[in-house]
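**Q** My questions all concern the structure below.
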Amino acid sequence: MQYIFNFAAIKFILMTLDTQAVNLEKLLERNLKTAIISHFNPDGDAIGSAVGMYAYLRSKGQEPRIVMPSYGPECMDFLDPDKEITYFTRDKETAETVIRGSGLIICLDLNKTARTEQLAGLIAGSDAVKVMIDHHPAPETDGFSIVISDPGASSTCELLYRILMSFRSTGGCPEKLGLRTLTSLATGILTDTNNFNNSLTPYTFTAASEMLRAGVDFDFITNMVFRRYSEDRMRLMGHLLTNSMQIDRSLRASCMVMTLEDRRRFNFRDGDSEGFVNLPLMIGDVEISALFSQTEEFIRVSLRSKGNISVNAMAGRYFNGGGHERAAGGRLYMPVDQVRDYFFQSLEQFLQSSQQL
Ligand code: 5GP
Ligand code: MN
């Protein structure tokens with residue numbers, strides 16, 4: 001894993017960010033028909049940044065649309081009280097019509113269009129001007145007119161806040177962004193930093209402080225996002241920690257597997273496993289944690305690291321995925337009872353090849 005604390009490089013990123021933000025503001029002022037899109041299985045950062053951008057454009061008198069490849073955690077519904085988001089998996093026709101009819105496509109919280117799954121072809125085939133705003137490493141930028149990518153940012157929401165604040169018409173005044181935009185962006189910051197626990201930058205707190213002063217109710221968001229789970233979810237967590245969590249002390253790793261049977265037994269609902277993968281990292285000896293969730297089609301992989309192991313690289317090499325250095329995900333196509341062995345063997349091989357063992 002590489003840490004880059006190269007101040008010249010950071011200055012360059014900010015310089016290009018500012019230039020790109022000027023171009024973006026001019027582009028948005030053209031009021032092209034805008035489709036805002038984020039990644040499959042959208043999380044708080046994906047939904048927060050999409051609704052944040054949506055509410056911002058609405059406040060400018062525009063009529064943008066949001067198209068998500070699939071539905072996300074139910075706890076995020078408070079960001080979309082009037083059900084303005086179109087989900088491809090629920091309404092393919094509308095999703096396709098919106099994308100085909102748009103003059104501007106804004107992709108948020110994704111570094112390659114493949115992360116939109118079935119929307120990727122529509123995006124590639126569209127003549128619309130395309131914009132990417134994201135914080136994942138190594139963006140694939142072909143076909144995009146404007147790319148604002150900062151892997152140093154805690155979240156796409158933090159990056160988007162920074163961009164919107166730099167707009168001439170905002171003039172550094174958060175109140176001008178409106179409470180809905182601010183609340184949505186605050187939600188993404190809160191979820192991607194795991195309630196201000198990881199990926200923090202000095203600007204994360206600057207942004208949060210400005211949002212708080214402008215009227216964002218962080219207690220409300222915390223209650224909405226982290227304190228509305230069901231009893232079943234709590235018991236599922238206990239079950240997995242007691243009966244599924246397996247620790248390999250020599251690899252300093254934890255592995256949990258949630259089966260379809262677990263889902264049935266605990267009346268699993270989308271979003272219920274949110275945060276589970278972080279729990280084993282609370283154990284002193286555990287540096288890397290994996291959660292494998294069996295679905296009807298494949299096994300969802302979630303990886304977290306609290307040390308120098310790049311789970312982004314691991315997810316790319318062994319788990320058909322990617323993400324960030326310390327939080328990544330992917331998919332496996334194998335019988336669920338083979339997953340544990342596959343994980344520990346892959347990790348051992350990975351650590352040996354990176355000479356970290
Ligand atoms: P989570 O474990 O919360 O599902 O995902 C953690 C991180 O990994 C997120 O930043 C997400 O963008 C990324 N991620 C999750 N699943 C995938 C995947 O299938 N492919 C890629 N490239 N990234 C993923
Ligand atoms: Mn994100």
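How things are named: the first chain in the structure tokens is A, the next is B, and so on; residues count from 1 in each chain; ligands count from 1 in the order shown.
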Taking only C-alpha atoms and all ligand atoms into account, produce a table as JSON lines in which each residue of chain A with an atom at most 6 Å from an atom of ligand 1 appears once, together with its shortest atom pair and the distance in Å to one decimal, ordered by chain and rising number.
**A**
```
{"residue": "A:Ser302", "atom": "CA", "partner": "ligand 1", "partner_atom_place_in_ligand_line": "2 (O)", "distance": 3.7}
{"residue": "A:Leu303", "atom": "CA", "partner": "ligand 1", "partner_atom_place_in_ligand_line": "2 (O)", "distance": 5.7}
{"residue": "A:Gly321", "atom": "CA", "partner": "ligand 1", "partner_atom_place_in_ligand_line": "20 (N)", "distance": 3.5}
{"residue": "A:Gly322", "atom": "CA", "partner": "ligand 1", "partner_atom_place_in_ligand_line": "22 (N)", "distance": 3.5}
{"residue": "A:Gly323", "atom": "CA", "partner": "ligand 1", "partner_atom_place_in_ligand_line": "13 (C)", "distance": 3.8}
{"residue": "A:His324", "atom": "CA", "partner": "ligand 1", "partner_atom_place_in_ligand_line": "10 (O)", "distance": 5.9}
{"residue": "A:Ala327", "atom": "CA", "partner": "ligand 1", "partner_atom_place_in_ligand_line": "6 (C)", "distance": 4.7}
{"residue": "A:Ala328", "atom": "CA", "partner": "ligand 1", "partner_atom_place_in_ligand_line": "8 (O)", "distance": 3.2}
{"residue": "A:Gly329", "atom": "CA", "partner": "ligand 1", "partner_atom_place_in_ligand_line": "15 (C)", "distance": 3.5}
{"residue": "A:Gly330", "atom": "CA", "partner": "ligand 1", "partner_atom_place_in_ligand_line": "19 (O)", "distance": 3.6}
{"residue": "A:Arg331", "atom": "CA", "partner": "ligand 1", "partner_atom_place_in_ligand_line": "19 (O)", "distance": 5.8}
```
**Q** Can you write just those residues out, N, CA, C and O atoms, as a PDB file, in the first residue's frame?
**A**
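Once everything was written out, this is selection-v7.pdb:
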```pdb
ATOM      1  N   SER A 302     -17.149  -8.372   1.029  1.00  0.00           N
ATOM      2  CA  SER A 302     -16.828  -7.095   1.657  1.00  0.00           C
ATOM      3  C   SER A 302     -15.522  -7.242   2.398  1.00  0.00           C
ATOM      4  O   SER A 302     -15.379  -8.157   3.217  1.00  0.00           O
ATOM      5  N   LEU A 303     -14.580  -6.369   2.140  1.00  0.00           N
ATOM      6  CA  LEU A 303     -13.268  -6.462   2.782  1.00  0.00           C
ATOM      7  C   LEU A 303     -12.913  -5.146   3.469  1.00  0.00           C
ATOM      8  O   LEU A 303     -13.193  -4.074   2.934  1.00  0.00           O
ATOM      9  N   GLY A 321     -13.449  -7.545  -7.975  1.00  0.00           N
ATOM     10  CA  GLY A 321     -13.976  -6.249  -7.519  1.00  0.00           C
ATOM     11  C   GLY A 321     -12.888  -5.222  -7.365  1.00  0.00           C
ATOM     12  O   GLY A 321     -11.877  -5.239  -8.073  1.00  0.00           O
ATOM     13  N   GLY A 322     -13.096  -4.326  -6.424  1.00  0.00           N
ATOM     14  CA  GLY A 322     -12.152  -3.235  -6.181  1.00  0.00           C
ATOM     15  C   GLY A 322     -12.692  -2.348  -5.081  1.00  0.00           C
ATOM     16  O   GLY A 322     -13.501  -2.795  -4.274  1.00  0.00           O
ATOM     17  N   GLY A 323     -12.271  -1.102  -5.050  1.00  0.00           N
ATOM     18  CA  GLY A 323     -12.744  -0.175  -4.019  1.00  0.00           C
ATOM     19  C   GLY A 323     -11.632   0.739  -3.578  1.00  0.00           C
ATOM     20  O   GLY A 323     -10.942   1.324  -4.418  1.00  0.00           O
ATOM     21  N   HIS A 324     -11.436   0.823  -2.276  1.00  0.00           N
ATOM     22  CA  HIS A 324     -10.401   1.684  -1.705  1.00  0.00           C
ATOM     23  C   HIS A 324      -9.335   0.821  -1.029  1.00  0.00           C
ATOM     24  O   HIS A 324      -9.522  -0.378  -0.857  1.00  0.00           O
ATOM     25  N   ALA A 327     -11.123  -0.331   2.220  1.00  0.00           N
ATOM     26  CA  ALA A 327     -12.524  -0.800   2.124  1.00  0.00           C
ATOM     27  C   ALA A 327     -12.783  -1.171   0.678  1.00  0.00           C
ATOM     28  O   ALA A 327     -12.666  -0.330  -0.207  1.00  0.00           O
ATOM     29  N   ALA A 328     -13.081  -2.431   0.453  1.00  0.00           N
ATOM     30  CA  ALA A 328     -13.307  -2.864  -0.929  1.00  0.00           C
ATOM     31  C   ALA A 328     -14.360  -3.963  -0.963  1.00  0.00           C
ATOM     32  O   ALA A 328     -14.759  -4.488   0.082  1.00  0.00           O
ATOM     33  N   GLY A 329     -14.797  -4.270  -2.168  1.00  0.00           N
ATOM     34  CA  GLY A 329     -15.826  -5.300  -2.307  1.00  0.00           C
ATOM     35  C   GLY A 329     -15.690  -6.022  -3.627  1.00  0.00           C
ATOM     36  O   GLY A 329     -14.865  -5.649  -4.465  1.00  0.00           O
ATOM     37  N   GLY A 330     -16.486  -7.048  -3.794  1.00  0.00           N
ATOM     38  CA  GLY A 330     -16.449  -7.800  -5.045  1.00  0.00           C
ATOM     39  C   GLY A 330     -17.468  -8.924  -5.016  1.00  0.00           C
ATOM     40  O   GLY A 330     -18.421  -8.892  -4.233  1.00  0.00           O
ATOM     41  N   ARG A 331     -17.239  -9.913  -5.868  1.00  0.00           N
ATOM     42  CA  ARG A 331     -18.172 -11.036  -5.995  1.00  0.00           C
ATOM     43  C   ARG A 331     -17.420 -12.332  -6.187  1.00  0.00           C
ATOM     44  O   ARG A 331     -16.376 -12.352  -6.822  1.00  0.00           O
TER      45      ARG A 331
END
```
**Q** If you count only C-alpha atoms and all ligand atoms, which residues end up within 8 Å of ligand 2, as a ChimeraX atom specification?
**A** /A:43-46,109-110,134-136,154-157,188,192
**Q** Using atom CA of Met211 of chain A and atom CA of Asn31 of chain A as the two end points, give the distance in Å to one decimal.
**A**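 Going from atom CA of Met211 of chain A over to atom CA of Asn31 of chain A covers 26.5 Å.
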**Q** Compare A:Asn111, A:Gln352, A:Thr16, A:Thr222 by their minimum atom-to-atom distance to Val131 of chain A, counting only C-alpha atoms, and give me the closest one.
**A**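 Using only C-alpha atoms, Val131 of chain A sits closest to A:Asn111.
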**Q** List every residue of segment 96-292 of chain A that DSSP, applied to the backbone of this structure, places in strand (DSSP E), and write the result as a list of chain:residue names.
**A**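 Filtering segment 96-292 of chain A down to strand (DSSP E) leaves A:Leu104, A:Ile105, A:Ile106, A:Cys107, A:Leu108, A:Val129, A:Lys130, A:Val131, A:Met132, A:Ile133, A:Asp134, A:Ile146, A:Val147, A:Ile148, A:Ser149, A:Gln246, A:Ile247, A:Asp248, A:Ala253, A:Ser254, A:Cys255, A:Met256, A:Val257, A:Met258, A:Ile288, A:Ser289, A:Ala290, A:Leu291, A:Phe292.
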**Q** Between A:Asp77, A:Asp248, A:Asp18, A:Glu287, which is the closest to Ile221 of chain A once you count only C-alpha atoms?
**A**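 Of the candidates, the smallest distance to Ile221 of chain A is held by A:Asp77.
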**Q** Which of these residues is nearest to Ala21 of chain A, using only C-alpha atoms: A:Ala214, A:Leu160, A:Met68, A:Ala153?
**A** A:Leu160
**Q** Hey, what's within 12 Å of Leu182 of chain A if we count only C-alpha atoms and toss same-chain stuff fewer than 4 positions away? As a PyMOL selection string, please?
**A** chain A and resi 48-56+79+157-158+160-162+164-165+173-178+186-189+207-218+221
**Q** Out of A:Ala114, A:Ile37, A:Leu28, A:Leu332, which residue has the shortest atom-to-atom distance to Thr141 of chain A when counting only C-alpha atoms?
**A**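 Ranked by minimum distance to Thr141 of chain A, first place goes to A:Ala114.
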**Q** Quick one: residues within 12 Å of segment 284-286 of chain A, only C-alpha atoms, excluding same-chain residues fewer than 6 positions away - as a short mmCIF file (atom, residue, chain, number, x, y, z; two decimals) with all heavy atoms, in the first residue's frame?
**A**
```cif
data_model
loop_
_atom_site.label_atom_id
_atom_site.label_comp_id
_atom_site.auth_asym_id
_atom_site.auth_seq_id
_atom_site.Cartn_x
_atom_site.Cartn_y
_atom_site.Cartn_z
N MET A 245 -17.88 -16.06 12.81
CA MET A 245 -16.58 -15.37 12.76
C MET A 245 -15.44 -16.34 13.07
O MET A 245 -15.44 -17.00 14.10
CB MET A 245 -16.57 -14.21 13.77
CG MET A 245 -15.28 -13.41 13.72
SD MET A 245 -15.31 -12.00 14.83
CE MET A 245 -15.25 -12.81 16.42
N GLN A 246 -14.50 -16.42 12.14
CA GLN A 246 -13.34 -17.30 12.32
C GLN A 246 -12.09 -16.44 12.23
O GLN A 246 -11.93 -15.66 11.28
CB GLN A 246 -13.36 -18.35 11.19
CG GLN A 246 -12.26 -19.36 11.30
CD GLN A 246 -12.28 -20.32 10.10
OE1 GLN A 246 -13.24 -20.35 9.32
NE2 GLN A 246 -11.23 -21.09 9.94
N ILE A 247 -11.22 -16.59 13.24
CA ILE A 247 -10.02 -15.75 13.28
C ILE A 247 -8.80 -16.61 12.98
O ILE A 247 -8.64 -17.68 13.57
CB ILE A 247 -9.84 -15.12 14.69
CG1 ILE A 247 -11.10 -14.43 15.17
CG2 ILE A 247 -8.62 -14.19 14.72
CD1 ILE A 247 -11.40 -13.11 14.55
N ASP A 248 -7.97 -16.15 12.06
CA ASP A 248 -6.68 -16.80 11.84
C ASP A 248 -5.61 -15.85 12.39
O ASP A 248 -5.35 -14.80 11.81
CB ASP A 248 -6.46 -17.06 10.34
CG ASP A 248 -5.15 -17.82 10.09
OD1 ASP A 248 -4.12 -17.43 10.68
OD2 ASP A 248 -5.17 -18.79 9.32
N ARG A 249 -5.03 -16.24 13.53
CA ARG A 249 -4.13 -15.32 14.23
C ARG A 249 -2.83 -15.09 13.45
O ARG A 249 -2.30 -14.00 13.45
CB ARG A 249 -3.80 -15.82 15.64
CG ARG A 249 -5.06 -15.95 16.45
CD ARG A 249 -4.95 -15.48 17.88
NE ARG A 249 -6.31 -15.43 18.40
CZ ARG A 249 -6.97 -14.32 18.67
NH1 ARG A 249 -6.40 -13.14 18.54
NH2 ARG A 249 -8.21 -14.37 19.11
N SER A 250 -2.34 -16.15 12.75
CA SER A 250 -1.08 -15.95 12.03
C SER A 250 -1.28 -15.00 10.84
O SER A 250 -0.40 -14.23 10.50
CB SER A 250 -0.50 -17.28 11.57
OG SER A 250 -1.37 -17.87 10.63
N LEU A 251 -2.47 -15.05 10.24
CA LEU A 251 -2.74 -14.13 9.12
C LEU A 251 -3.33 -12.81 9.61
O LEU A 251 -3.53 -11.89 8.84
CB LEU A 251 -3.72 -14.78 8.13
CG LEU A 251 -3.21 -15.99 7.36
CD1 LEU A 251 -4.35 -16.65 6.58
CD2 LEU A 251 -2.10 -15.58 6.40
N ARG A 252 -3.62 -12.75 10.91
CA ARG A 252 -4.26 -11.57 11.52
C ARG A 252 -5.54 -11.20 10.77
O ARG A 252 -5.78 -10.04 10.42
CB ARG A 252 -3.29 -10.38 11.54
CG ARG A 252 -1.98 -10.69 12.30
CD ARG A 252 -0.96 -9.58 12.19
NE ARG A 252 -1.31 -8.42 12.98
CZ ARG A 252 -1.11 -8.29 14.28
NH1 ARG A 252 -0.57 -9.29 14.96
NH2 ARG A 252 -1.44 -7.19 14.91
N ALA A 253 -6.35 -12.26 10.51
CA ALA A 253 -7.51 -12.05 9.66
C ALA A 253 -8.77 -12.66 10.27
O ALA A 253 -8.70 -13.63 11.02
CB ALA A 253 -7.26 -12.69 8.30
N SER A 254 -9.90 -12.05 9.92
CA SER A 254 -11.20 -12.58 10.34
C SER A 254 -12.06 -12.85 9.11
O SER A 254 -12.01 -12.10 8.13
CB SER A 254 -11.91 -11.56 11.23
OG SER A 254 -13.29 -11.85 11.28
N CYS A 255 -12.84 -13.93 9.19
CA CYS A 255 -13.73 -14.28 8.07
C CYS A 255 -15.12 -14.59 8.62
O CYS A 255 -15.27 -15.36 9.57
CB CYS A 255 -13.16 -15.52 7.36
SG CYS A 255 -14.19 -16.09 6.01
N VAL A 277 -18.93 -6.00 8.69
CA VAL A 277 -17.54 -6.32 8.33
C VAL A 277 -16.53 -5.52 9.15
O VAL A 277 -15.39 -5.94 9.33
CB VAL A 277 -17.33 -6.10 6.80
CG1 VAL A 277 -17.47 -4.64 6.42
CG2 VAL A 277 -16.00 -6.66 6.34
N ASN A 278 -16.97 -4.37 9.68
CA ASN A 278 -16.04 -3.56 10.50
C ASN A 278 -15.82 -4.15 11.89
O ASN A 278 -14.81 -3.84 12.53
CB ASN A 278 -16.59 -2.15 10.66
CG ASN A 278 -16.62 -1.40 9.35
OD1 ASN A 278 -15.63 -1.33 8.65
ND2 ASN A 278 -17.78 -0.86 9.01
N ARG A 304 -12.31 -5.24 4.65
CA ARG A 304 -11.84 -4.05 5.36
C ARG A 304 -10.46 -4.33 5.93
O ARG A 304 -10.16 -5.46 6.34
CB ARG A 304 -12.78 -3.69 6.53
CG ARG A 304 -14.19 -3.31 6.13
CD ARG A 304 -14.25 -1.98 5.40
NE ARG A 304 -15.63 -1.60 5.13
CZ ARG A 304 -16.34 -1.99 4.08
NH1 ARG A 304 -15.79 -2.78 3.17
NH2 ARG A 304 -17.58 -1.59 3.92
N SER A 305 -9.65 -3.28 5.99
CA SER A 305 -8.31 -3.41 6.57
C SER A 305 -8.07 -2.23 7.48
O SER A 305 -8.58 -1.14 7.25
CB SER A 305 -7.31 -3.44 5.40
OG SER A 305 -6.09 -2.85 5.77
N LYS A 306 -7.32 -2.47 8.56
CA LYS A 306 -6.99 -1.31 9.39
C LYS A 306 -5.48 -1.08 9.40
O LYS A 306 -4.98 -0.22 10.12
CB LYS A 306 -7.53 -1.48 10.81
CG LYS A 306 -6.84 -2.52 11.66
CD LYS A 306 -7.46 -2.58 13.06
CE LYS A 306 -6.69 -3.51 13.96
NZ LYS A 306 -7.45 -4.04 15.07
N GLY A 307 -4.76 -1.87 8.60
CA GLY A 307 -3.30 -1.72 8.55
C GLY A 307 -2.84 -1.36 7.16
O GLY A 307 -3.47 -0.56 6.46
N ILE A 309 -2.45 -3.51 4.59
CA ILE A 309 -2.88 -4.41 3.52
C ILE A 309 -3.88 -3.69 2.63
O ILE A 309 -4.87 -3.15 3.11
CB ILE A 309 -3.54 -5.68 4.11
CG1 ILE A 309 -2.56 -6.39 5.03
CG2 ILE A 309 -4.02 -6.60 2.99
CD1 ILE A 309 -3.24 -7.40 5.95
#
```
**Q** Per residue of segment 112-184 of chain A within 10 Å of segment 39-42 of chain A, which atom pair is closest and at what distance in Å (one decimal), using only C-alpha atoms, listed by chain and increasing number, as a Markdown table?
**A**
```
| residue | atom | partner | partner_atom | distance |
| --- | --- | --- | --- | --- |
| A:Lys112 | CA | A:His39 | CA | 9.2 |
| A:Thr113 | CA | A:His39 | CA | 8.2 |
| A:Ala114 | CA | A:His39 | CA | 8.6 |
| A:Arg115 | CA | A:His39 | CA | 5.2 |
| A:Thr116 | CA | A:His39 | CA | 4.7 |
| A:Glu117 | CA | A:Phe40 | CA | 6.4 |
| A:Gln118 | CA | A:Phe40 | CA | 8.9 |
| A:Leu119 | CA | A:Phe40 | CA | 9.2 |
```
**Q** Filtering to C-alpha atoms, could you give me those residues as a PDB file, in the first residue's frame?
**A**
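Dumped to out09.pdb:
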```pdb
ATOM      1  CA  LYS A 112     -15.725   3.204 -14.098  1.00  0.00           C
ATOM      2  CA  THR A 113     -19.080   2.873 -15.819  1.00  0.00           C
ATOM      3  CA  ALA A 114     -18.929  -0.914 -15.309  1.00  0.00           C
ATOM      4  CA  ARG A 115     -19.938  -0.141 -11.683  1.00  0.00           C
ATOM      5  CA  THR A 116     -23.396   0.799 -13.030  1.00  0.00           C
ATOM      6  CA  GLU A 117     -23.765  -2.801 -14.301  1.00  0.00           C
ATOM      7  CA  GLN A 118     -26.615  -2.852 -16.827  1.00  0.00           C
ATOM      8  CA  LEU A 119     -26.585   0.927 -17.333  1.00  0.00           C
TER       9      LEU A 119
END
```
**Q** Report the distance between atom CA of Ala95 of chain A and atom CA of Val67 of chain A in Å, rounded to one decimal place.
**A** 6.0 Å
**Q** From the list A:Ile36, A:Val336, A:Leu279, A:Leu347, which residue is nearest Ala315 of chain A when using only C-alpha atoms?
**A**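 Nearest candidate to Ala315 of chain A out of A:Ile36, A:Val336, A:Leu279, A:Leu347: A:Leu347.
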**Q** Rounded to one decimal, what separation in Å do you get between atom CA of Glu29 of chain A and atom CA of Leu185 of chain A?
**A** 20.9 Å
